[in-house]
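Structure file structure_4.txt with compact mmCIF, C-alpha atoms:
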# COMPACT_ATOMS: atom_id res chain seq x y z
CA MET A 1 47.20 -18.99 -34.30
CA SER A 2 43.45 -18.71 -35.00
CA GLN A 3 41.47 -21.90 -35.25
CA PRO A 4 39.59 -22.60 -38.49
CA HIS A 5 35.81 -22.64 -38.34
CA SER A 6 34.16 -26.02 -37.96
CA PRO A 7 32.54 -27.59 -41.01
CA ALA A 8 29.10 -27.18 -39.35
CA ALA A 9 29.67 -23.46 -38.82
CA ARG A 10 30.79 -23.06 -42.44
CA ARG A 11 27.66 -24.83 -43.69
CA ARG A 12 25.27 -22.41 -41.87
CA GLY A 13 23.33 -20.20 -44.17
CA PRO A 14 22.77 -16.46 -43.63
CA ILE A 15 19.27 -16.94 -42.20
CA VAL A 16 20.48 -19.50 -39.66
CA ARG A 17 23.35 -17.26 -38.65
CA VAL A 18 20.94 -14.36 -38.09
CA LEU A 19 18.64 -16.52 -35.97
CA VAL A 20 21.53 -17.89 -33.91
CA GLY A 21 22.90 -14.39 -33.40
CA ALA A 22 19.46 -13.13 -32.33
CA TRP A 23 19.13 -16.01 -29.87
CA ASP A 24 22.59 -15.32 -28.40
CA ALA A 25 21.69 -11.62 -28.06
CA LEU A 26 18.43 -12.56 -26.33
CA ASN A 27 20.28 -14.80 -23.86
CA PHE A 28 22.81 -12.07 -23.18
CA THR A 29 20.04 -9.50 -22.60
CA ARG A 30 18.18 -11.88 -20.27
CA ARG A 31 21.29 -12.51 -18.18
CA LEU A 32 22.10 -8.80 -18.13
CA VAL A 33 18.61 -7.81 -16.94
CA PHE A 34 18.52 -10.45 -14.19
CA ASN A 35 22.02 -9.53 -13.05
CA LEU A 36 21.09 -5.84 -12.90
CA LEU A 37 17.95 -6.65 -10.91
CA PHE A 38 19.99 -8.81 -8.55
CA LEU A 39 22.54 -6.04 -8.07
CA ALA A 40 19.78 -3.48 -7.45
CA VAL A 41 18.19 -5.66 -4.77
CA LEU A 42 21.58 -6.37 -3.22
CA VAL A 43 22.49 -2.66 -3.11
CA ALA A 44 19.09 -1.81 -1.60
CA ILE A 45 19.59 -4.41 1.13
CA LEU A 46 23.12 -3.21 1.88
CA VAL A 47 22.00 0.42 2.00
CA ALA A 48 19.12 -0.49 4.32
CA LEU A 49 21.47 -2.41 6.61
CA ALA A 50 24.00 0.40 6.60
CA THR A 51 21.53 3.18 7.28
CA ALA A 52 19.23 1.34 9.67
CA GLU A 53 19.55 2.54 13.22
CA ARG A 54 19.87 0.00 15.92
CA ALA A 55 16.78 -0.31 18.05
CA ARG A 56 17.41 1.91 21.02
CA PRO A 57 16.87 0.20 24.35
CA LEU A 58 13.80 1.42 26.18
CA LEU A 59 14.98 2.76 29.53
CA ASP A 60 13.12 3.97 32.60
CA ARG A 61 11.88 7.57 32.73
CA THR A 62 11.55 7.76 28.94
CA THR A 63 9.45 10.43 27.24
CA LEU A 64 7.30 9.04 24.43
CA VAL A 65 7.06 11.48 21.51
CA ILE A 66 3.82 11.01 19.60
CA ALA A 67 4.26 13.26 16.56
CA PRO A 68 2.59 11.55 13.59
CA GLN A 69 2.98 13.16 10.19
CA GLY A 70 0.50 12.65 7.38
CA ALA A 71 -3.06 11.50 6.98
CA LEU A 72 -4.69 9.33 9.63
CA VAL A 73 -5.99 6.26 7.76
CA GLU A 74 -7.57 2.94 8.59
CA GLN A 75 -5.22 1.13 6.20
CA TYR A 76 -2.33 2.07 3.97
CA SER A 77 -3.28 2.95 0.41
CA VAL A 78 -0.21 1.25 -1.10
CA ASP A 79 1.58 -2.04 -0.49
CA PRO A 80 4.65 -2.28 1.80
CA VAL A 81 7.16 -2.60 -1.05
CA SER A 82 5.84 0.50 -2.82
CA ARG A 83 5.85 2.43 0.46
CA ALA A 84 9.47 1.47 1.13
CA LEU A 85 10.59 2.44 -2.39
CA ALA A 86 8.69 5.73 -2.23
CA LYS A 87 10.23 6.53 1.13
CA MET A 88 13.74 5.81 -0.19
CA THR A 89 13.19 8.16 -3.13
CA GLY A 90 11.47 10.83 -1.04
CA SER A 91 8.25 10.67 -3.08
CA ASP A 92 6.01 9.04 -0.49
CA THR A 93 2.70 10.44 0.74
CA PRO A 94 2.88 10.05 4.53
CA GLU A 95 0.11 7.97 6.09
CA VAL A 96 -0.42 6.95 9.71
CA ARG A 97 -2.50 3.89 10.54
CA MET A 98 -5.13 4.42 13.17
CA ARG A 99 -4.56 0.99 14.75
CA ASP A 100 -0.85 1.73 15.20
CA LEU A 101 -1.46 4.99 17.05
CA LEU A 102 -4.15 3.42 19.22
CA ARG A 103 -1.82 0.55 20.11
CA VAL A 104 1.00 2.93 21.03
CA VAL A 105 -1.28 5.02 23.25
CA GLU A 106 -2.78 1.95 24.92
CA LYS A 107 0.58 0.29 25.63
CA ALA A 108 2.15 3.53 26.86
CA GLY A 109 -0.49 3.78 29.57
CA GLU A 110 0.58 0.37 30.92
CA ASP A 111 4.35 0.76 30.42
CA LYS A 112 6.20 1.79 33.58
CA ARG A 113 9.22 2.80 31.51
CA ILE A 114 7.20 5.60 29.87
CA GLU A 115 7.14 8.53 32.29
CA ARG A 116 5.40 11.15 30.18
CA VAL A 117 4.26 11.87 26.65
CA LEU A 118 5.00 14.75 24.30
CA LEU A 119 2.08 15.06 21.89
CA ARG A 120 2.45 16.90 18.60
CA THR A 121 -0.62 16.86 16.37
CA ASP A 122 0.02 19.93 14.21
CA ARG A 123 1.52 17.81 11.40
CA MET A 124 -1.44 15.49 11.07
CA THR A 125 -3.85 15.78 8.18
CA PHE A 126 -7.54 15.96 9.04
CA SER A 127 -9.32 12.68 8.33
CA GLY A 128 -12.81 12.97 9.79
CA TYR A 129 -14.21 13.73 13.23
CA ALA A 130 -15.11 10.12 13.98
CA SER A 131 -11.46 9.01 13.75
CA ILE A 132 -10.23 12.09 15.60
CA ARG A 133 -12.68 11.54 18.46
CA GLU A 134 -11.65 7.90 18.81
CA LEU A 135 -8.01 8.89 19.07
CA ALA A 136 -8.90 11.75 21.46
CA ASP A 137 -10.65 9.28 23.77
CA ALA A 138 -7.53 7.10 23.75
CA ILE A 139 -5.31 10.08 24.69
CA ALA A 140 -7.72 11.01 27.47
CA GLY A 141 -7.43 7.43 28.73
CA LEU A 142 -3.63 7.69 28.62
CA ARG A 143 -3.82 10.82 30.76
CA ALA A 144 -6.23 9.11 33.16
CA SER A 145 -3.74 6.26 33.60
CA GLY A 146 -1.42 8.68 35.38
CA LYS A 147 0.93 9.55 32.53
CA GLU A 148 1.71 13.23 32.12
CA VAL A 149 0.76 14.38 28.62
CA ILE A 150 2.16 17.62 27.26
CA ALA A 151 0.99 18.91 23.87
CA TYR A 152 2.91 21.30 21.68
CA GLY A 153 2.29 22.77 18.25
CA ASP A 154 3.34 25.55 15.92
CA TYR A 155 -0.21 25.99 14.69
CA PHE A 156 -3.34 24.03 15.52
CA GLY A 157 -6.29 23.39 13.24
CA GLN A 158 -9.66 22.51 14.77
CA ALA A 159 -9.28 18.73 14.55
CA GLN A 160 -5.64 18.85 15.60
CA TYR A 161 -6.55 20.91 18.64
CA LEU A 162 -9.21 18.42 19.72
CA LEU A 163 -6.38 15.92 20.24
CA ALA A 164 -4.05 18.44 21.88
CA ALA A 165 -6.78 19.56 24.28
CA GLN A 166 -6.73 16.12 25.92
CA ALA A 167 -3.24 16.83 27.34
CA ASP A 168 -2.46 18.04 30.86
CA GLU A 169 -0.71 21.08 29.41
CA VAL A 170 -0.90 22.64 25.95
CA TYR A 171 1.86 24.91 24.65
CA MET A 172 2.06 26.77 21.37
CA ASP A 173 4.78 28.71 19.59
CA PRO A 174 4.53 32.49 20.28
CA TYR A 175 4.22 33.07 16.54
CA GLY A 176 1.69 30.27 16.09
CA GLY A 177 -2.06 30.36 15.98
CA LEU A 178 -5.27 28.58 16.89
CA VAL A 179 -8.64 29.45 15.41
CA LEU A 180 -11.88 27.64 16.22
CA GLU A 181 -14.40 28.86 13.66
CA GLY A 182 -17.07 26.19 13.35
CA LEU A 183 -18.07 23.92 10.48
CA GLY A 184 -19.12 24.86 6.98
CA ARG A 185 -19.86 23.32 3.63
CA TYR A 186 -19.36 25.01 0.28
CA ARG A 187 -20.51 23.72 -3.11
CA GLN A 188 -20.48 25.04 -6.66
CA TYR A 189 -23.82 25.33 -8.49
CA TYR A 190 -23.93 25.16 -12.30
CA ARG A 191 -27.55 25.63 -13.42
CA GLU A 192 -27.07 29.13 -14.79
CA GLY A 193 -23.86 28.22 -16.59
CA LEU A 194 -25.23 24.98 -18.03
CA GLN A 195 -28.74 26.02 -19.01
CA ASP A 196 -28.66 29.78 -19.59
CA LYS A 197 -25.17 30.08 -21.07
CA LEU A 198 -24.48 26.71 -22.66
CA GLY A 199 -28.04 25.62 -23.40
CA VAL A 200 -27.61 22.26 -21.67
CA ASP A 201 -30.84 20.83 -20.24
CA VAL A 202 -30.37 18.54 -17.25
CA HIS A 203 -33.23 16.18 -16.34
CA LEU A 204 -32.86 14.91 -12.77
CA PHE A 205 -34.82 11.99 -11.36
CA LYS A 206 -34.57 11.37 -7.64
CA VAL A 207 -36.45 9.59 -4.87
CA GLY A 208 -37.05 11.53 -1.65
CA GLU A 209 -36.71 15.18 -0.65
CA TYR A 210 -33.24 14.95 0.88
CA LYS A 211 -31.35 13.69 -2.17
CA SER A 212 -29.08 16.66 -2.85
CA ALA A 213 -26.03 15.11 -4.53
CA ALA A 214 -27.06 16.24 -8.05
CA GLU A 215 -28.69 19.56 -7.04
CA PRO A 216 -25.76 21.68 -8.32
CA TYR A 217 -26.74 20.77 -11.91
CA VAL A 218 -30.33 21.97 -11.65
CA LEU A 219 -30.25 24.74 -9.00
CA ASP A 220 -28.39 27.99 -8.34
CA GLN A 221 -28.20 27.43 -4.58
CA ALA A 222 -28.85 24.73 -1.99
CA SER A 223 -32.46 23.65 -1.61
CA PRO A 224 -34.20 24.19 1.78
CA GLU A 225 -34.03 20.42 2.37
CA ALA A 226 -30.28 20.36 1.72
CA LYS A 227 -29.72 23.27 4.09
CA GLU A 228 -31.84 21.59 6.74
CA ALA A 229 -29.93 18.32 6.45
CA ASP A 230 -26.51 20.00 6.50
CA LEU A 231 -27.39 22.13 9.52
CA TYR A 232 -28.69 19.05 11.33
CA TRP A 233 -25.56 16.92 11.05
CA MET A 234 -23.03 19.75 11.26
CA ASN A 235 -24.64 21.23 14.37
CA ASP A 236 -24.60 17.81 16.03
CA ILE A 237 -20.88 17.33 15.30
CA TRP A 238 -20.06 20.89 16.36
CA GLN A 239 -21.85 20.62 19.70
CA ARG A 240 -20.02 17.36 20.45
CA PHE A 241 -16.75 19.03 19.45
CA LEU A 242 -17.33 21.98 21.79
CA GLY A 243 -18.38 19.64 24.59
CA ASP A 244 -15.25 17.52 24.20
CA ILE A 245 -12.95 20.55 24.32
CA ALA A 246 -14.80 22.16 27.22
CA LYS A 247 -14.59 18.94 29.23
CA ALA A 248 -10.90 18.42 28.52
CA ARG A 249 -9.91 22.01 29.26
CA GLY A 250 -12.27 22.60 32.17
CA LEU A 251 -14.17 25.33 30.31
CA ASP A 252 -17.85 26.18 29.94
CA ALA A 253 -19.15 25.02 26.56
CA SER A 254 -21.58 27.93 26.17
CA ALA A 255 -18.88 30.48 26.98
CA LEU A 256 -16.56 28.76 24.50
CA ALA A 257 -19.25 28.95 21.81
CA ALA A 258 -19.89 32.62 22.56
CA GLY A 259 -16.20 33.39 22.18
CA ILE A 260 -16.13 31.69 18.80
CA ASP A 261 -19.22 33.59 17.63
CA GLY A 262 -17.45 36.87 18.45
CA LEU A 263 -14.12 35.75 17.04
CA ASP A 264 -13.71 38.64 14.58
CA ALA A 265 -13.99 41.28 17.32
CA GLN A 266 -11.63 39.34 19.59
CA ILE A 267 -8.98 39.01 16.88
CA GLU A 268 -9.19 42.74 16.25
CA ALA A 269 -8.90 43.45 19.99
CA ALA A 270 -5.82 41.18 20.17
CA GLY A 271 -4.17 43.08 17.33
CA GLY A 272 -4.20 39.98 15.15
CA ASP A 273 -2.05 38.03 17.62
CA LEU A 274 -3.72 34.60 17.40
CA ALA A 275 -1.30 33.00 19.86
CA ARG A 276 -2.01 35.61 22.55
CA LEU A 277 -5.75 35.28 21.87
CA ALA A 278 -5.60 31.49 22.38
CA LEU A 279 -3.80 32.06 25.68
CA ASP A 280 -6.40 34.62 26.80
CA GLN A 281 -9.19 32.17 25.91
CA LYS A 282 -7.44 29.50 28.05
CA LEU A 283 -7.16 27.20 25.07
CA VAL A 284 -3.41 26.91 25.68
CA ASP A 285 -1.42 27.05 28.91
CA GLY A 286 1.57 28.96 27.63
CA LEU A 287 3.49 30.24 24.63
CA LYS A 288 6.83 28.48 24.24
CA THR A 289 9.21 27.54 21.47
CA LEU A 290 9.96 23.87 20.85
CA GLU A 291 13.36 24.26 22.49
CA GLU A 292 11.74 25.70 25.62
CA VAL A 293 9.32 22.78 25.78
CA GLN A 294 12.23 20.34 25.43
CA ASP A 295 14.04 22.11 28.26
CA LEU A 296 10.90 21.73 30.36
CA LEU A 297 10.79 18.01 29.62
CA ALA A 298 14.47 17.64 30.51
CA GLU A 299 13.87 19.35 33.86
CA ARG A 300 10.91 17.12 34.72
CA GLY A 301 12.27 13.94 33.22
CA GLU A 302 15.68 12.58 32.33
CA ALA A 303 18.14 14.65 30.30
CA ASP A 304 20.09 12.89 27.56
CA GLU A 305 23.00 14.60 25.84
CA ASP A 306 23.03 11.99 23.07
CA SER A 307 19.45 12.78 22.06
CA ASP A 308 18.74 15.53 19.53
CA SER A 309 16.06 16.90 21.85
CA GLY A 310 18.20 16.75 24.97
CA VAL A 311 15.64 14.45 26.57
CA ARG A 312 15.60 10.68 27.00
CA ASP A 313 12.85 10.03 24.50
CA ILE A 314 11.59 7.59 21.91
CA ALA A 315 9.56 8.27 18.78
CA TRP A 316 6.13 6.68 18.58
CA ASP A 317 6.96 4.53 15.54
CA ASP A 318 10.11 3.21 17.26
CA TYR A 319 8.06 2.46 20.37
CA LEU A 320 5.58 0.58 18.20
CA LYS A 321 8.36 -1.88 17.34
CA HIS A 322 8.87 -2.55 21.07
CA VAL A 323 5.20 -3.36 21.68
CA THR A 324 4.42 -5.27 18.48
CA SER A 325 5.10 -8.98 18.44
CA PRO A 326 6.77 -10.23 15.22
CA MET A 327 5.05 -13.60 15.75
CA ALA A 328 1.51 -12.21 15.73
CA ALA A 329 0.78 -13.73 12.31
CA ALA A 330 1.64 -17.20 13.62
CA ASP A 331 -0.73 -16.98 16.59
CA THR A 332 -3.01 -20.02 16.58
CA ARG A 333 -5.42 -18.78 19.23
CA PRO A 334 -9.01 -17.72 18.34
CA GLN A 335 -8.89 -14.41 16.46
CA VAL A 336 -10.98 -11.29 15.88
CA ALA A 337 -10.63 -10.30 12.22
CA VAL A 338 -10.63 -6.59 11.37
CA VAL A 339 -11.82 -5.78 7.84
CA VAL A 340 -11.40 -2.19 6.67
CA ALA A 341 -13.78 -0.59 4.18
CA GLU A 342 -12.23 2.83 3.56
CA GLY A 343 -12.85 5.06 0.56
CA THR A 344 -15.39 5.18 -2.25
CA ILE A 345 -17.33 1.94 -2.88
CA MET A 346 -16.60 0.71 -6.39
CA GLY A 347 -17.25 -2.46 -8.34
CA GLY A 348 -14.77 -5.27 -8.88
CA ARG A 349 -11.46 -5.71 -7.12
CA GLN A 350 -9.95 -2.50 -5.80
CA SER A 351 -6.64 -1.62 -4.14
CA PRO A 352 -6.46 -0.50 -0.47
CA GLY A 353 -7.90 2.97 0.07
CA THR A 354 -10.93 2.12 -2.04
CA VAL A 355 -13.75 -0.29 -1.25
CA GLY A 356 -14.21 -2.94 -3.92
CA GLY A 357 -17.41 -4.94 -4.23
CA GLU A 358 -15.46 -8.12 -4.98
CA SER A 359 -12.27 -7.48 -3.01
CA THR A 360 -13.98 -6.42 0.23
CA SER A 361 -16.49 -9.27 -0.11
CA ALA A 362 -13.58 -11.68 -0.54
CA LEU A 363 -12.02 -10.47 2.72
CA LEU A 364 -15.29 -11.00 4.59
CA ARG A 365 -15.72 -14.42 3.01
CA GLU A 366 -12.17 -15.38 3.96
CA ALA A 367 -12.87 -14.41 7.56
CA ARG A 368 -16.10 -16.44 7.54
CA GLU A 369 -14.35 -19.55 6.24
CA ASP A 370 -11.40 -19.27 8.65
CA ASP A 371 -12.01 -21.54 11.65
CA LYS A 372 -9.67 -19.43 13.83
CA VAL A 373 -11.78 -16.28 13.33
CA LYS A 374 -14.53 -16.10 15.95
CA ALA A 375 -15.66 -12.50 15.37
CA VAL A 376 -15.31 -9.78 12.73
CA VAL A 377 -15.02 -6.02 13.13
CA LEU A 378 -15.96 -4.14 9.97
CA ARG A 379 -14.56 -0.60 10.13
CA VAL A 380 -16.36 1.59 7.59
CA ASP A 381 -15.08 5.02 6.56
CA SER A 382 -16.75 5.68 3.24
CA PRO A 383 -18.86 8.37 1.53
CA GLY A 384 -20.81 5.67 -0.33
CA GLY A 385 -20.63 4.59 -3.94
CA GLU A 386 -21.99 1.94 -6.28
CA VAL A 387 -25.23 0.23 -5.31
CA PHE A 388 -24.40 -3.26 -6.57
CA ALA A 389 -20.96 -3.25 -4.96
CA SER A 390 -22.59 -2.24 -1.67
CA GLU A 391 -25.09 -5.09 -2.07
CA GLN A 392 -22.27 -7.58 -2.60
CA ILE A 393 -20.67 -6.52 0.68
CA ARG A 394 -24.02 -6.52 2.49
CA ARG A 395 -24.63 -10.13 1.47
CA GLU A 396 -21.30 -11.20 2.96
CA VAL A 397 -22.11 -9.39 6.21
CA VAL A 398 -25.43 -11.24 6.37
CA ALA A 399 -23.62 -14.52 5.67
CA LEU A 400 -21.18 -13.78 8.51
CA LYS A 401 -24.05 -13.27 10.94
CA ALA A 402 -25.74 -16.44 9.75
CA ALA A 403 -22.49 -18.36 10.31
CA GLY A 404 -22.51 -17.29 13.95
Show me the file's structure as structure tokens.
Amino acid sequence: MSQPHSPAARRRGPIVRVLVGAWDALNFTRRLVFNLLFLAVLVAILVALATAERARPLLDRTTLVIAPQGALVEQYSVDPVSRALAKMTGSDTPEVRMRDLLRVVEKAGEDKRIERVLLRTDRMTFSGYASIRELADAIAGLRASGKEVIAYGDYFGQAQYLLAAQADEVYMDPYGGLVLEGLGRYRQYYREGLQDKLGVDVHLFKVGEYKSAAEPYVLDQASPEAKEADLYWMNDIWQRFLGDIAKARGLDASALAAGIDGLDAQIEAAGGDLARLALDQKLVDGLKTLEEVQDLLAERGEADEDSDSGVRDIAWDDYLKHVTSPMAAADTRPQVAVVVAEGTIMGGRQSPGTVGGESTSALLREAREDDKVKAVVLRVDSPGGEVFASEQIRREVVALKAAG
């Protein structure tokens, strides 16, 4: 039998009933949203636990596979949560932190369990010759420590090859390629289109002869000063590049340069076979498929039927977990703070991947005020940007020096 409504409920007017109903609907929606969020987090945790591989034990005679994929960066451009979600959905932009690779290479040189290293650099994105040279020096040091380093790639770009050249042996797929062609810079010039065709007059004010950033709006080609400046810095980088490769491969730098200058004739003579040409130029030691290289590693090292490669190996990011202490953040000893300034310098607070006048200054100030921090390394990888934002950062650097 249904119960009669209470006298209070019967006395409610239509407006009150609407308000009460709206409030009940709001409470229901709130509980529903929070429950859905809770279930989503719970499912994500369960999926992560179910799909996570157990950390493989690091055994003796292990081959370390250093095969980073993505751009080499000083710091990630997104936060850890966003990276994890993007990776789960397959929409992430792969990034590899420089400090992680350097740590792996350094620790591998000291680790007796690591017998040799397979180096694959053909999936890395170019990120500047300064970063590449620093990593190349680390790989050369790994080789000097007594570890055998074998490099393999389907196709090598110039920067990728600089890393591969540091190995004891370099192998490339028979259908791959390697072309060293020098450095170049190409810009679009708009004077004719703006002034002659659109009637737009551009008035440029600059200080100094070598200020060429805005030249494309007032000229049809690079000025003599711009050409002089570009040739100066590009020739310096190119000569260092050739010297590094020649030293690593035991070649003569001048002969290497001469071969590159006559590259078109050599490609024609090789019938367009870039892999065979690289072998003839002694840039690689052999042409092998990946399976053949893995067989070679199994013969020299320790075979493992449970491994996809047939070799007892460990990926570089898995090895990083073995050599990274989870208690590093709780270390109370004196510290060296590393502040990264990567990307265009902009005003205000900026996210990682961009230098912010306020955000980067705040990091430097935090390091200055932290009693545990005894020194600061400021790693700069930036094309420049706003003047005032740069001045804000400069002031904090001066304050750091003044603080001792």
Between atom CA of A:Ser145 and atom CA of A:Gly250, distance in Å (one decimal) =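 Going from atom CA of A:Ser145 over to atom CA of A:Gly250, I get 18.5 Å.
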Place a sphere of radius 10 Å on (-11.3, -10.8, -6.9) in the file coordinates and name every protein, DNA or RNA residue with an atom inside or on its surface, counting only C-alpha atoms; give the answer as a ChimeraX atom specification.
-> /A:348-350,356-363
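Coordinates place atom CA of A:Glu209 at a distance of 22.6 Å from atom CA of A:Ile237.
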Name the residues, using the chain letters and numbers of the file, that sit within 10 Å of (-13.6, 26.6, 13.8) when counting only C-alpha atoms, and give them as a VMD selection string.
-> chain A and resid 157 to 159 178 to 184 238 241 to 242 260 to 261 263
Figure out the distance between atom CA of A:Ile393 and atom CA of A:Gly343, please, to one decimal in Å.
-> 14.0 Å
Using all atoms listed in the file, determine which residues lie at most 12 Å from A:Lys107, disregarding the query and same-chain residues fewer than 2 positions distant; provide the list as a PyMOL selection string.
-> chain A and resi 64+100-105+109-114+138-139+141-142+145+147+316+319-324
Can you report as AutoDock Vina command-line options the centre and edge lengths in Å, to one decimal, of an axis-aligned box around the listed atoms of stretch 281-289 of chain A padded with 8 Å on each side?
--center_x 0.0 --center_y 29.5 --center_z 25.2 --size_x 34.4 --size_y 21.3 --size_z 23.4
